[in-house]
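Okay, structure first, notes after.
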Amino acid sequence: MARIVLIGGHGKVALRLERLLVARGDEVDAVIRNPAHAAEVAASGANPVVADIETLDVDGLADLVRGHDAVVWSAGAGGGDPRRTYAVDRDAAVRSMAAAEAAGVRRYVMVSYFRSPDHSVPEADSFHAYAEAKAAADEHLVTTALDWTILGPSRLTDGEGTGRIDAEASESLTVDRADVAAVAAAVLAEPATIGRTIRFNAGATPIADAIR
């Protein structure tokens, strides 16, 4: 059994991941900003922890992650406001990495997206802030001493999942959120994924084989 803290615990991928981790016997603390989401998180079997990662400093985040075996970052500002996108997807994410190091939590899994890091998005494009924020977070993570894995799923869909992916793809297509959650659960239990960025679409290879 592992003790895992999942930051961004009310997201569509996160809720699926919580159920998978709890089902295999892990203890999951799911960090959420809105207390109104606590009941839905608790229904997944995870323990809801209400905290605003946008305002917590490194010490506050270290207190949040201390005592866990792994951190999973699945938080995001949700687009819209570039200022908040940078504050959450870049700045808070980078602080969480420093916090994990300070708290002695070496394992860190970042849920990113297929094309990251991508600095080619024009500034006038509404996707620019997100692309830049995720790129900065991902690029920083690989410089840390953490046992990191970055997940780069392609465009997310809401199917049932197949348990199979294509981790050799060079082009972003689609993948079910259920399979993204399954990949995140699998990499937490697979040391061979440390120090790797895994980009993937829906595919034909069983997840356990595809991530090795």
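By convention here, the chains of the structure tokens are called A, B, ... in the order presented, each chain's residues are numbered starting at 1, and ligands are numbered starting at 1 in the order presented.
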
At most 7 Å is the cut-off: for each residue in stretch 54-164 of chain A with any atom that close to an atom of stretch 187-199 of chain A, write down the nearest atom pair and the distance in Å rounded to one decimal, counting only C-alpha atoms, chain first then increasing number, as CSV.
residue,atom,partner,partner_atom,distance
A:Phe114,CA,A:Arg199,CA,5.4
A:Asp147,CA,A:Ile194,CA,5.5
A:Trp148,CA,A:Gly195,CA,5.3
A:Thr149,CA,A:Arg196,CA,5.3
A:Ile150,CA,A:Thr197,CA,4.6
A:Leu151,CA,A:Ile198,CA,5.1
A:Gly152,CA,A:Arg199,CA,4.2
A:Pro153,CA,A:Arg199,CA,5.6

For the selection you just gave me, I'd like the residues written to a file as a PDB file, in the first residue's frame, keeping all heavy atoms.
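That gives us out-v2.pdb:
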ATOM      1  N   PHE A 114       0.102  16.023 -24.552  1.00  0.00           N
ATOM      2  CA  PHE A 114       0.952  15.360 -25.545  1.00  0.00           C
ATOM      3  C   PHE A 114       2.062  16.266 -26.081  1.00  0.00           C
ATOM      4  O   PHE A 114       3.205  15.843 -26.201  1.00  0.00           O
ATOM      5  CB  PHE A 114       0.076  14.864 -26.701  1.00  0.00           C
ATOM      6  CG  PHE A 114       0.762  13.907 -27.644  1.00  0.00           C
ATOM      7  CD1 PHE A 114       0.597  12.539 -27.499  1.00  0.00           C
ATOM      8  CD2 PHE A 114       1.568  14.363 -28.676  1.00  0.00           C
ATOM      9  CE1 PHE A 114       1.218  11.649 -28.357  1.00  0.00           C
ATOM     10  CE2 PHE A 114       2.193  13.485 -29.544  1.00  0.00           C
ATOM     11  CZ  PHE A 114       2.013  12.119 -29.376  1.00  0.00           C
ATOM     12  N   ASP A 147      12.076  11.848  -8.376  1.00  0.00           N
ATOM     13  CA  ASP A 147      11.864  10.674  -9.233  1.00  0.00           C
ATOM     14  C   ASP A 147      10.601  10.931 -10.053  1.00  0.00           C
ATOM     15  O   ASP A 147       9.513  10.475  -9.732  1.00  0.00           O
ATOM     16  CB  ASP A 147      11.711   9.412  -8.382  1.00  0.00           C
ATOM     17  CG  ASP A 147      12.994   9.032  -7.676  1.00  0.00           C
ATOM     18  OD1 ASP A 147      14.073   9.422  -8.150  1.00  0.00           O
ATOM     19  OD2 ASP A 147      12.914   8.360  -6.628  1.00  0.00           O
ATOM     20  N   TRP A 148      10.764  11.673 -11.125  1.00  0.00           N
ATOM     21  CA  TRP A 148       9.617  12.198 -11.857  1.00  0.00           C
ATOM     22  C   TRP A 148       9.217  11.314 -13.032  1.00  0.00           C
ATOM     23  O   TRP A 148      10.036  10.599 -13.606  1.00  0.00           O
ATOM     24  CB  TRP A 148       9.905  13.621 -12.363  1.00  0.00           C
ATOM     25  CG  TRP A 148      11.122  13.728 -13.233  1.00  0.00           C
ATOM     26  CD1 TRP A 148      12.393  14.022 -12.836  1.00  0.00           C
ATOM     27  CD2 TRP A 148      11.198  13.517 -14.653  1.00  0.00           C
ATOM     28  NE1 TRP A 148      13.256  14.010 -13.916  1.00  0.00           N
ATOM     29  CE2 TRP A 148      12.549  13.715 -15.040  1.00  0.00           C
ATOM     30  CE3 TRP A 148      10.261  13.196 -15.646  1.00  0.00           C
ATOM     31  CZ2 TRP A 148      12.979  13.592 -16.372  1.00  0.00           C
ATOM     32  CZ3 TRP A 148      10.685  13.069 -16.972  1.00  0.00           C
ATOM     33  CH2 TRP A 148      12.022  13.275 -17.309  1.00  0.00           C
ATOM     34  N   THR A 149       7.941  11.419 -13.372  1.00  0.00           N
ATOM     35  CA  THR A 149       7.401  10.908 -14.633  1.00  0.00           C
ATOM     36  C   THR A 149       6.429  11.959 -15.146  1.00  0.00           C
ATOM     37  O   THR A 149       5.616  12.479 -14.375  1.00  0.00           O
ATOM     38  CB  THR A 149       6.645   9.586 -14.452  1.00  0.00           C
ATOM     39  OG1 THR A 149       7.507   8.620 -13.833  1.00  0.00           O
ATOM     40  CG2 THR A 149       6.164   9.039 -15.788  1.00  0.00           C
ATOM     41  N   ILE A 150       6.510  12.278 -16.421  1.00  0.00           N
ATOM     42  CA  ILE A 150       5.570  13.200 -17.049  1.00  0.00           C
ATOM     43  C   ILE A 150       4.680  12.418 -18.000  1.00  0.00           C
ATOM     44  O   ILE A 150       5.175  11.676 -18.853  1.00  0.00           O
ATOM     45  CB  ILE A 150       6.308  14.311 -17.818  1.00  0.00           C
ATOM     46  CG1 ILE A 150       7.146  15.167 -16.856  1.00  0.00           C
ATOM     47  CG2 ILE A 150       5.312  15.200 -18.581  1.00  0.00           C
ATOM     48  CD1 ILE A 150       8.047  16.171 -17.546  1.00  0.00           C
ATOM     49  N   LEU A 151       3.377  12.574 -17.842  1.00  0.00           N
ATOM     50  CA  LEU A 151       2.418  11.918 -18.729  1.00  0.00           C
ATOM     51  C   LEU A 151       1.914  12.920 -19.753  1.00  0.00           C
ATOM     52  O   LEU A 151       1.466  14.019 -19.399  1.00  0.00           O
ATOM     53  CB  LEU A 151       1.241  11.368 -17.927  1.00  0.00           C
ATOM     54  CG  LEU A 151       1.590  10.350 -16.840  1.00  0.00           C
ATOM     55  CD1 LEU A 151       0.312   9.819 -16.195  1.00  0.00           C
ATOM     56  CD2 LEU A 151       2.438   9.224 -17.391  1.00  0.00           C
ATOM     57  N   GLY A 152       1.971  12.539 -21.022  1.00  0.00           N
ATOM     58  CA  GLY A 152       1.523  13.403 -22.110  1.00  0.00           C
ATOM     59  C   GLY A 152       0.401  12.772 -22.901  1.00  0.00           C
ATOM     60  O   GLY A 152       0.619  12.326 -24.041  1.00  0.00           O
ATOM     61  N   PRO A 153      -0.801  12.719 -22.339  1.00  0.00           N
ATOM     62  CA  PRO A 153      -1.918  12.164 -23.102  1.00  0.00           C
ATOM     63  C   PRO A 153      -2.335  13.103 -24.228  1.00  0.00           C
ATOM     64  O   PRO A 153      -2.154  14.317 -24.155  1.00  0.00           O
ATOM     65  CB  PRO A 153      -3.035  12.047 -22.055  1.00  0.00           C
ATOM     66  CG  PRO A 153      -2.714  13.121 -21.048  1.00  0.00           C
ATOM     67  CD  PRO A 153      -1.215  13.172 -20.991  1.00  0.00           C
TER      68      PRO A 153
END

Please report, as a PDB file with N, CA, C and O atoms, in the first residue's frame, each residue of chain A to which DSSP assigns strand (DSSP E) when run on this structure's backbone.
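File produced: part14.pdb:
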ATOM      1  N   ARG A   3       0.886   5.652   0.090  1.00  0.00           N
ATOM      2  CA  ARG A   3       0.118   6.831   0.485  1.00  0.00           C
ATOM      3  C   ARG A   3       0.401   7.921  -0.551  1.00  0.00           C
ATOM      4  O   ARG A   3       1.539   8.353  -0.709  1.00  0.00           O
ATOM      5  N   ILE A   4      -0.630   8.327  -1.265  1.00  0.00           N
ATOM      6  CA  ILE A   4      -0.472   9.213  -2.414  1.00  0.00           C
ATOM      7  C   ILE A   4      -1.284  10.486  -2.203  1.00  0.00           C
ATOM      8  O   ILE A   4      -2.451  10.425  -1.786  1.00  0.00           O
ATOM      9  N   VAL A   5      -0.680  11.634  -2.499  1.00  0.00           N
ATOM     10  CA  VAL A   5      -1.408  12.900  -2.484  1.00  0.00           C
ATOM     11  C   VAL A   5      -1.626  13.328  -3.926  1.00  0.00           C
ATOM     12  O   VAL A   5      -0.685  13.407  -4.714  1.00  0.00           O
ATOM     13  N   LEU A   6      -2.873  13.575  -4.266  1.00  0.00           N
ATOM     14  CA  LEU A   6      -3.263  13.918  -5.624  1.00  0.00           C
ATOM     15  C   LEU A   6      -3.730  15.372  -5.615  1.00  0.00           C
ATOM     16  O   LEU A   6      -4.746  15.698  -5.004  1.00  0.00           O
ATOM     17  N   ILE A   7      -2.974  16.231  -6.271  1.00  0.00           N
ATOM     18  CA  ILE A   7      -3.296  17.661  -6.296  1.00  0.00           C
ATOM     19  C   ILE A   7      -4.143  17.950  -7.524  1.00  0.00           C
ATOM     20  O   ILE A   7      -3.743  17.677  -8.652  1.00  0.00           O
ATOM     21  N   GLU A  27      -3.765   4.532  -0.112  1.00  0.00           N
ATOM     22  CA  GLU A  27      -4.443   5.602   0.625  1.00  0.00           C
ATOM     23  C   GLU A  27      -4.239   6.889  -0.157  1.00  0.00           C
ATOM     24  O   GLU A  27      -3.111   7.256  -0.475  1.00  0.00           O
ATOM     25  N   VAL A  28      -5.333   7.575  -0.461  1.00  0.00           N
ATOM     26  CA  VAL A  28      -5.269   8.738  -1.336  1.00  0.00           C
ATOM     27  C   VAL A  28      -5.824   9.970  -0.632  1.00  0.00           C
ATOM     28  O   VAL A  28      -6.973   9.971  -0.169  1.00  0.00           O
ATOM     29  N   ASP A  29      -5.004  11.008  -0.543  1.00  0.00           N
ATOM     30  CA  ASP A  29      -5.458  12.322  -0.104  1.00  0.00           C
ATOM     31  C   ASP A  29      -5.616  13.180  -1.348  1.00  0.00           C
ATOM     32  O   ASP A  29      -4.648  13.399  -2.092  1.00  0.00           O
ATOM     33  N   ALA A  30      -6.817  13.651  -1.598  1.00  0.00           N
ATOM     34  CA  ALA A  30      -7.130  14.405  -2.812  1.00  0.00           C
ATOM     35  C   ALA A  30      -7.310  15.877  -2.455  1.00  0.00           C
ATOM     36  O   ALA A  30      -8.241  16.232  -1.727  1.00  0.00           O
ATOM     37  N   VAL A  31      -6.430  16.714  -2.978  1.00  0.00           N
ATOM     38  CA  VAL A  31      -6.453  18.142  -2.655  1.00  0.00           C
ATOM     39  C   VAL A  31      -7.417  18.858  -3.591  1.00  0.00           C
ATOM     40  O   VAL A  31      -7.298  18.761  -4.818  1.00  0.00           O
ATOM     41  N   ILE A  32      -8.355  19.580  -2.994  1.00  0.00           N
ATOM     42  CA  ILE A  32      -9.364  20.315  -3.754  1.00  0.00           C
ATOM     43  C   ILE A  32      -9.461  21.732  -3.200  1.00  0.00           C
ATOM     44  O   ILE A  32      -9.169  21.982  -2.032  1.00  0.00           O
ATOM     45  N   ASN A  47      -9.623  10.682   0.431  1.00  0.00           N
ATOM     46  CA  ASN A  47      -9.838  11.613   1.536  1.00  0.00           C
ATOM     47  C   ASN A  47      -9.734  13.039   1.002  1.00  0.00           C
ATOM     48  O   ASN A  47      -8.654  13.454   0.574  1.00  0.00           O
ATOM     49  N   PRO A  48     -10.832  13.813   0.980  1.00  0.00           N
ATOM     50  CA  PRO A  48     -10.745  15.182   0.470  1.00  0.00           C
ATOM     51  C   PRO A  48      -9.982  16.093   1.426  1.00  0.00           C
ATOM     52  O   PRO A  48     -10.221  16.080   2.632  1.00  0.00           O
ATOM     53  N   VAL A  49      -9.058  16.867   0.872  1.00  0.00           N
ATOM     54  CA  VAL A  49      -8.269  17.828   1.641  1.00  0.00           C
ATOM     55  C   VAL A  49      -8.475  19.188   0.988  1.00  0.00           C
ATOM     56  O   VAL A  49      -8.078  19.400  -0.158  1.00  0.00           O
ATOM     57  N   VAL A  50      -9.107  20.104   1.699  1.00  0.00           N
ATOM     58  CA  VAL A  50      -9.407  21.416   1.133  1.00  0.00           C
ATOM     59  C   VAL A  50      -8.217  22.346   1.346  1.00  0.00           C
ATOM     60  O   VAL A  50      -7.806  22.604   2.483  1.00  0.00           O
ATOM     61  N   ALA A  70       4.119   9.542  -2.711  1.00  0.00           N
ATOM     62  CA  ALA A  70       4.143  10.101  -4.064  1.00  0.00           C
ATOM     63  C   ALA A  70       3.198  11.283  -4.159  1.00  0.00           C
ATOM     64  O   ALA A  70       2.186  11.349  -3.457  1.00  0.00           O
ATOM     65  N   VAL A  71       3.560  12.211  -5.047  1.00  0.00           N
ATOM     66  CA  VAL A  71       2.702  13.337  -5.413  1.00  0.00           C
ATOM     67  C   VAL A  71       2.258  13.134  -6.857  1.00  0.00           C
ATOM     68  O   VAL A  71       3.078  12.824  -7.728  1.00  0.00           O
ATOM     69  N   VAL A  72       0.972  13.313  -7.113  1.00  0.00           N
ATOM     70  CA  VAL A  72       0.459  13.359  -8.482  1.00  0.00           C
ATOM     71  C   VAL A  72      -0.114  14.748  -8.705  1.00  0.00           C
ATOM     72  O   VAL A  72      -1.011  15.185  -7.973  1.00  0.00           O
ATOM     73  N   TRP A  73       0.404  15.456  -9.710  1.00  0.00           N
ATOM     74  CA  TRP A  73      -0.119  16.772 -10.062  1.00  0.00           C
ATOM     75  C   TRP A  73      -1.109  16.613 -11.208  1.00  0.00           C
ATOM     76  O   TRP A  73      -0.746  16.260 -12.323  1.00  0.00           O
ATOM     77  N   ARG A 107       8.900  10.745  -5.208  1.00  0.00           N
ATOM     78  CA  ARG A 107       8.140  10.324  -6.395  1.00  0.00           C
ATOM     79  C   ARG A 107       7.136  11.395  -6.769  1.00  0.00           C
ATOM     80  O   ARG A 107       6.322  11.830  -5.948  1.00  0.00           O
ATOM     81  N   TYR A 108       7.170  11.800  -8.049  1.00  0.00           N
ATOM     82  CA  TYR A 108       6.312  12.891  -8.515  1.00  0.00           C
ATOM     83  C   TYR A 108       5.859  12.570  -9.932  1.00  0.00           C
ATOM     84  O   TYR A 108       6.685  12.369 -10.826  1.00  0.00           O
ATOM     85  N   VAL A 109       4.543  12.532 -10.121  1.00  0.00           N
ATOM     86  CA  VAL A 109       3.964  12.269 -11.438  1.00  0.00           C
ATOM     87  C   VAL A 109       3.195  13.504 -11.889  1.00  0.00           C
ATOM     88  O   VAL A 109       2.291  13.983 -11.190  1.00  0.00           O
ATOM     89  N   MET A 110       3.571  14.033 -13.036  1.00  0.00           N
ATOM     90  CA  MET A 110       2.928  15.207 -13.621  1.00  0.00           C
ATOM     91  C   MET A 110       2.000  14.784 -14.753  1.00  0.00           C
ATOM     92  O   MET A 110       2.431  14.121 -15.705  1.00  0.00           O
ATOM     93  N   VAL A 111       0.720  15.156 -14.654  1.00  0.00           N
ATOM     94  CA  VAL A 111      -0.203  14.941 -15.761  1.00  0.00           C
ATOM     95  C   VAL A 111      -0.147  16.192 -16.636  1.00  0.00           C
ATOM     96  O   VAL A 111      -0.603  17.261 -16.243  1.00  0.00           O
ATOM     97  N   ASP A 147      12.076  11.848  -8.376  1.00  0.00           N
ATOM     98  CA  ASP A 147      11.864  10.674  -9.233  1.00  0.00           C
ATOM     99  C   ASP A 147      10.601  10.931 -10.053  1.00  0.00           C
ATOM    100  O   ASP A 147       9.513  10.475  -9.732  1.00  0.00           O
ATOM    101  N   TRP A 148      10.764  11.673 -11.125  1.00  0.00           N
ATOM    102  CA  TRP A 148       9.617  12.198 -11.857  1.00  0.00           C
ATOM    103  C   TRP A 148       9.217  11.314 -13.032  1.00  0.00           C
ATOM    104  O   TRP A 148      10.036  10.599 -13.606  1.00  0.00           O
ATOM    105  N   THR A 149       7.941  11.419 -13.372  1.00  0.00           N
ATOM    106  CA  THR A 149       7.401  10.908 -14.633  1.00  0.00           C
ATOM    107  C   THR A 149       6.429  11.959 -15.146  1.00  0.00           C
ATOM    108  O   THR A 149       5.616  12.479 -14.375  1.00  0.00           O
ATOM    109  N   ILE A 150       6.510  12.278 -16.421  1.00  0.00           N
ATOM    110  CA  ILE A 150       5.570  13.200 -17.049  1.00  0.00           C
ATOM    111  C   ILE A 150       4.680  12.418 -18.000  1.00  0.00           C
ATOM    112  O   ILE A 150       5.175  11.676 -18.853  1.00  0.00           O
ATOM    113  N   LEU A 151       3.377  12.574 -17.842  1.00  0.00           N
ATOM    114  CA  LEU A 151       2.418  11.918 -18.729  1.00  0.00           C
ATOM    115  C   LEU A 151       1.914  12.920 -19.753  1.00  0.00           C
ATOM    116  O   LEU A 151       1.466  14.019 -19.399  1.00  0.00           O
ATOM    117  N   GLY A 152       1.971  12.539 -21.022  1.00  0.00           N
ATOM    118  CA  GLY A 152       1.523  13.403 -22.110  1.00  0.00           C
ATOM    119  C   GLY A 152       0.401  12.772 -22.901  1.00  0.00           C
ATOM    120  O   GLY A 152       0.619  12.326 -24.041  1.00  0.00           O
ATOM    121  N   PRO A 153      -0.801  12.719 -22.339  1.00  0.00           N
ATOM    122  CA  PRO A 153      -1.918  12.164 -23.102  1.00  0.00           C
ATOM    123  C   PRO A 153      -2.335  13.103 -24.228  1.00  0.00           C
ATOM    124  O   PRO A 153      -2.154  14.317 -24.155  1.00  0.00           O
ATOM    125  N   ARG A 155      -5.593  14.345 -26.961  1.00  0.00           N
ATOM    126  CA  ARG A 155      -6.882  14.974 -26.660  1.00  0.00           C
ATOM    127  C   ARG A 155      -7.784  14.002 -25.906  1.00  0.00           C
ATOM    128  O   ARG A 155      -7.961  12.854 -26.298  1.00  0.00           O
ATOM    129  N   LEU A 156      -8.380  14.499 -24.820  1.00  0.00           N
ATOM    130  CA  LEU A 156      -9.105  13.632 -23.902  1.00  0.00           C
ATOM    131  C   LEU A 156     -10.555  13.420 -24.335  1.00  0.00           C
ATOM    132  O   LEU A 156     -11.245  14.358 -24.739  1.00  0.00           O
ATOM    133  N   THR A 157     -10.997  12.180 -24.210  1.00  0.00           N
ATOM    134  CA  THR A 157     -12.374  11.816 -24.508  1.00  0.00           C
ATOM    135  C   THR A 157     -12.956  11.081 -23.303  1.00  0.00           C
ATOM    136  O   THR A 157     -12.229  10.688 -22.381  1.00  0.00           O
ATOM    137  N   ARG A 164      -5.604  -0.085 -23.089  1.00  0.00           N
ATOM    138  CA  ARG A 164      -4.545  -0.188 -24.096  1.00  0.00           C
ATOM    139  C   ARG A 164      -4.231   1.193 -24.657  1.00  0.00           C
ATOM    140  O   ARG A 164      -5.132   2.011 -24.847  1.00  0.00           O
ATOM    141  N   ILE A 165      -2.953   1.444 -24.916  1.00  0.00           N
ATOM    142  CA  ILE A 165      -2.522   2.741 -25.435  1.00  0.00           C
ATOM    143  C   ILE A 165      -1.446   2.552 -26.502  1.00  0.00           C
ATOM    144  O   ILE A 165      -0.924   1.446 -26.680  1.00  0.00           O
ATOM    145  N   ASP A 166      -1.129   3.640 -27.168  1.00  0.00           N
ATOM    146  CA  ASP A 166       0.008   3.702 -28.085  1.00  0.00           C
ATOM    147  C   ASP A 166       0.982   4.718 -27.511  1.00  0.00           C
ATOM    148  O   ASP A 166       0.745   5.922 -27.576  1.00  0.00           O
ATOM    149  N   THR A 174      -6.337  10.916 -29.878  1.00  0.00           N
ATOM    150  CA  THR A 174      -7.260  10.962 -28.742  1.00  0.00           C
ATOM    151  C   THR A 174      -6.960   9.812 -27.790  1.00  0.00           C
ATOM    152  O   THR A 174      -6.359   8.800 -28.176  1.00  0.00           O
ATOM    153  N   VAL A 175      -7.441   9.968 -26.567  1.00  0.00           N
ATOM    154  CA  VAL A 175      -7.353   8.898 -25.576  1.00  0.00           C
ATOM    155  C   VAL A 175      -8.423   9.156 -24.518  1.00  0.00           C
ATOM    156  O   VAL A 175      -8.723  10.302 -24.185  1.00  0.00           O
ATOM    157  N   ASP A 176      -9.024   8.073 -24.019  1.00  0.00           N
ATOM    158  CA  ASP A 176     -10.048   8.214 -22.987  1.00  0.00           C
ATOM    159  C   ASP A 176      -9.439   8.630 -21.650  1.00  0.00           C
ATOM    160  O   ASP A 176      -8.352   8.164 -21.280  1.00  0.00           O
ATOM    161  N   ARG A 196      11.112   9.589 -17.160  1.00  0.00           N
ATOM    162  CA  ARG A 196      10.617   9.468 -18.530  1.00  0.00           C
ATOM    163  C   ARG A 196       9.390  10.353 -18.771  1.00  0.00           C
ATOM    164  O   ARG A 196       8.588  10.561 -17.853  1.00  0.00           O
ATOM    165  N   THR A 197       9.282  10.847 -19.983  1.00  0.00           N
ATOM    166  CA  THR A 197       8.052  11.479 -20.467  1.00  0.00           C
ATOM    167  C   THR A 197       7.357  10.474 -21.370  1.00  0.00           C
ATOM    168  O   THR A 197       7.945   9.981 -22.335  1.00  0.00           O
ATOM    169  N   ILE A 198       6.105  10.166 -21.034  1.00  0.00           N
ATOM    170  CA  ILE A 198       5.353   9.159 -21.776  1.00  0.00           C
ATOM    171  C   ILE A 198       4.196   9.846 -22.478  1.00  0.00           C
ATOM    172  O   ILE A 198       3.220  10.262 -21.846  1.00  0.00           O
ATOM    173  N   ARG A 199       4.325   9.991 -23.801  1.00  0.00           N
ATOM    174  CA  ARG A 199       3.255  10.568 -24.620  1.00  0.00           C
ATOM    175  C   ARG A 199       2.447   9.427 -25.227  1.00  0.00           C
ATOM    176  O   ARG A 199       3.017   8.461 -25.728  1.00  0.00           O
ATOM    177  N   PHE A 200       1.130   9.573 -25.232  1.00  0.00           N
ATOM    178  CA  PHE A 200       0.348   8.419 -25.683  1.00  0.00           C
ATOM    179  C   PHE A 200      -1.030   8.806 -26.213  1.00  0.00           C
ATOM    180  O   PHE A 200      -1.626   9.810 -25.825  1.00  0.00           O
ATOM    181  N   ASN A 201      -1.496   7.963 -27.121  1.00  0.00           N
ATOM    182  CA  ASN A 201      -2.851   7.973 -27.660  1.00  0.00           C
ATOM    183  C   ASN A 201      -3.541   6.682 -27.236  1.00  0.00           C
ATOM    184  O   ASN A 201      -2.915   5.777 -26.672  1.00  0.00           O
ATOM    185  N   ALA A 202      -4.813   6.564 -27.567  1.00  0.00           N
ATOM    186  CA  ALA A 202      -5.458   5.255 -27.524  1.00  0.00           C
ATOM    187  C   ALA A 202      -4.697   4.341 -28.480  1.00  0.00           C
ATOM    188  O   ALA A 202      -4.156   4.787 -29.495  1.00  0.00           O
ATOM    189  N   THR A 205      -1.672  -1.598 -27.351  1.00  0.00           N
ATOM    190  CA  THR A 205      -0.755  -2.249 -26.429  1.00  0.00           C
ATOM    191  C   THR A 205      -1.263  -2.131 -24.998  1.00  0.00           C
ATOM    192  O   THR A 205      -1.596  -1.026 -24.556  1.00  0.00           O
ATOM    193  N   PRO A 206      -1.319  -3.243 -24.258  1.00  0.00           N
ATOM    194  CA  PRO A 206      -1.721  -3.147 -22.855  1.00  0.00           C
ATOM    195  C   PRO A 206      -0.873  -2.123 -22.100  1.00  0.00           C
ATOM    196  O   PRO A 206       0.342  -2.038 -22.324  1.00  0.00           O
TER     197      PRO A 206
END

Mind pulling up the distance from atom CA of A:Arg83 to atom CA of A:Asp52?
15.9 Å

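Relative to atom CA of A:His140, atom CA of A:Asp63 is found at 21.3 Å.
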
If you run DSSP on the backbone here, which positions in stretch 14-82 of chain A get helix (DSSP H, G or I)? Please write them as a ChimeraX atom specification.
/A:14-23,35-43,58-65,82

Just the residues within 8 Å of A:Ala75, please, counting only C-alpha atoms, with nothing from its chain fewer than 4 positions along; format it as a list in words.
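Selected residues are Ile7, Gly8, Gly9, Gly11, Val88 and Asp89 of chain A.
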
Please produce a file of the residues just selected, as a tab-separated table (two decimals), in the first residue's frame, where the atoms kept are C-alpha atoms.
chain	number	residue	atom	x	y	z
A	7	ILE	CA	-3.30	17.66	-6.30
A	8	GLY	CA	-6.32	18.67	-8.32
A	9	GLY	CA	-8.48	15.96	-6.85
A	11	GLY	CA	-10.73	16.72	-12.05
A	88	VAL	CA	-1.65	27.54	-11.11
A	89	ASP	CA	-0.27	25.55	-14.05

Which neighbours of A:Val22 fall inside 8 Å, counting only C-alpha atoms, when residues of the same chain fewer than 6 positions from it are skipped, and could you give them as a PDB file with N, CA and C atoms, in the first residue's frame?
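Result went into result-v1.pdb, see below:
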ATOM      1  N   VAL A  28      -5.333   7.575  -0.461  1.00  0.00           N
ATOM      2  CA  VAL A  28      -5.269   8.738  -1.336  1.00  0.00           C
ATOM      3  C   VAL A  28      -5.824   9.970  -0.632  1.00  0.00           C
ATOM      4  N   SER A  44     -15.333   8.603  -4.115  1.00  0.00           N
ATOM      5  CA  SER A  44     -14.337   7.830  -4.863  1.00  0.00           C
ATOM      6  C   SER A  44     -13.507   6.945  -3.942  1.00  0.00           C
ATOM      7  N   GLY A  45     -13.605   7.203  -2.646  1.00  0.00           N
ATOM      8  CA  GLY A  45     -12.795   6.478  -1.664  1.00  0.00           C
ATOM      9  C   GLY A  45     -11.598   7.263  -1.182  1.00  0.00           C
ATOM     10  N   ALA A  46     -11.343   8.414  -1.815  1.00  0.00           N
ATOM     11  CA  ALA A  46     -10.221   9.262  -1.400  1.00  0.00           C
ATOM     12  C   ALA A  46     -10.622  10.161  -0.240  1.00  0.00           C
TER      13      ALA A  46
END

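Taking atom CA of A:Ile207 and atom CA of A:Arg90 as endpoints, the distance between them is 28.4 Å.
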
Per-residue nearest contacts stretch 18-128 of chain A to stretch 132-135 of chain A, cut-off 10 Å, using only C-alpha atoms, as a Markdown table:
| residue | atom | partner | partner_atom | distance |
| --- | --- | --- | --- | --- |
| A:Gly76 | CA | A:Lys134 | CA | 9.5 |
| A:Pro82 | CA | A:Ala133 | CA | 9.3 |
| A:Thr85 | CA | A:Ala133 | CA | 7.0 |
| A:Tyr86 | CA | A:Ala133 | CA | 5.4 |
| A:Ala87 | CA | A:Ala133 | CA | 8.6 |
| A:Val88 | CA | A:Ala133 | CA | 8.4 |
| A:Asp89 | CA | A:Ala133 | CA | 5.5 |
| A:Arg90 | CA | A:Ala133 | CA | 4.6 |
| A:Asp91 | CA | A:Ala133 | CA | 8.1 |
| A:Ala93 | CA | A:Lys134 | CA | 8.9 |
| A:Met110 | CA | A:Lys134 | CA | 9.9 |
| A:Val111 | CA | A:Lys134 | CA | 9.7 |
| A:Ser112 | CA | A:Lys134 | CA | 6.8 |
| A:Tyr113 | CA | A:Lys134 | CA | 8.2 |
| A:Arg115 | CA | A:Ala135 | CA | 9.1 |
| A:Ser116 | CA | A:Ala135 | CA | 5.5 |
| A:Pro117 | CA | A:Ala135 | CA | 4.0 |
| A:Asp118 | CA | A:Ala135 | CA | 6.1 |
| A:His119 | CA | A:Glu132 | CA | 6.2 |
| A:Ser120 | CA | A:Glu132 | CA | 9.0 |
| A:Val121 | CA | A:Glu132 | CA | 8.2 |
| A:Glu123 | CA | A:Glu132 | CA | 9.6 |
| A:Phe127 | CA | A:Glu132 | CA | 8.7 |
| A:His128 | CA | A:Glu132 | CA | 6.1 |

As a count of residues only, please: the residues near A:Ala51 (cut-off 9 Å, only C-alpha atoms, same-chain neighbours under 4 positions excluded).
8
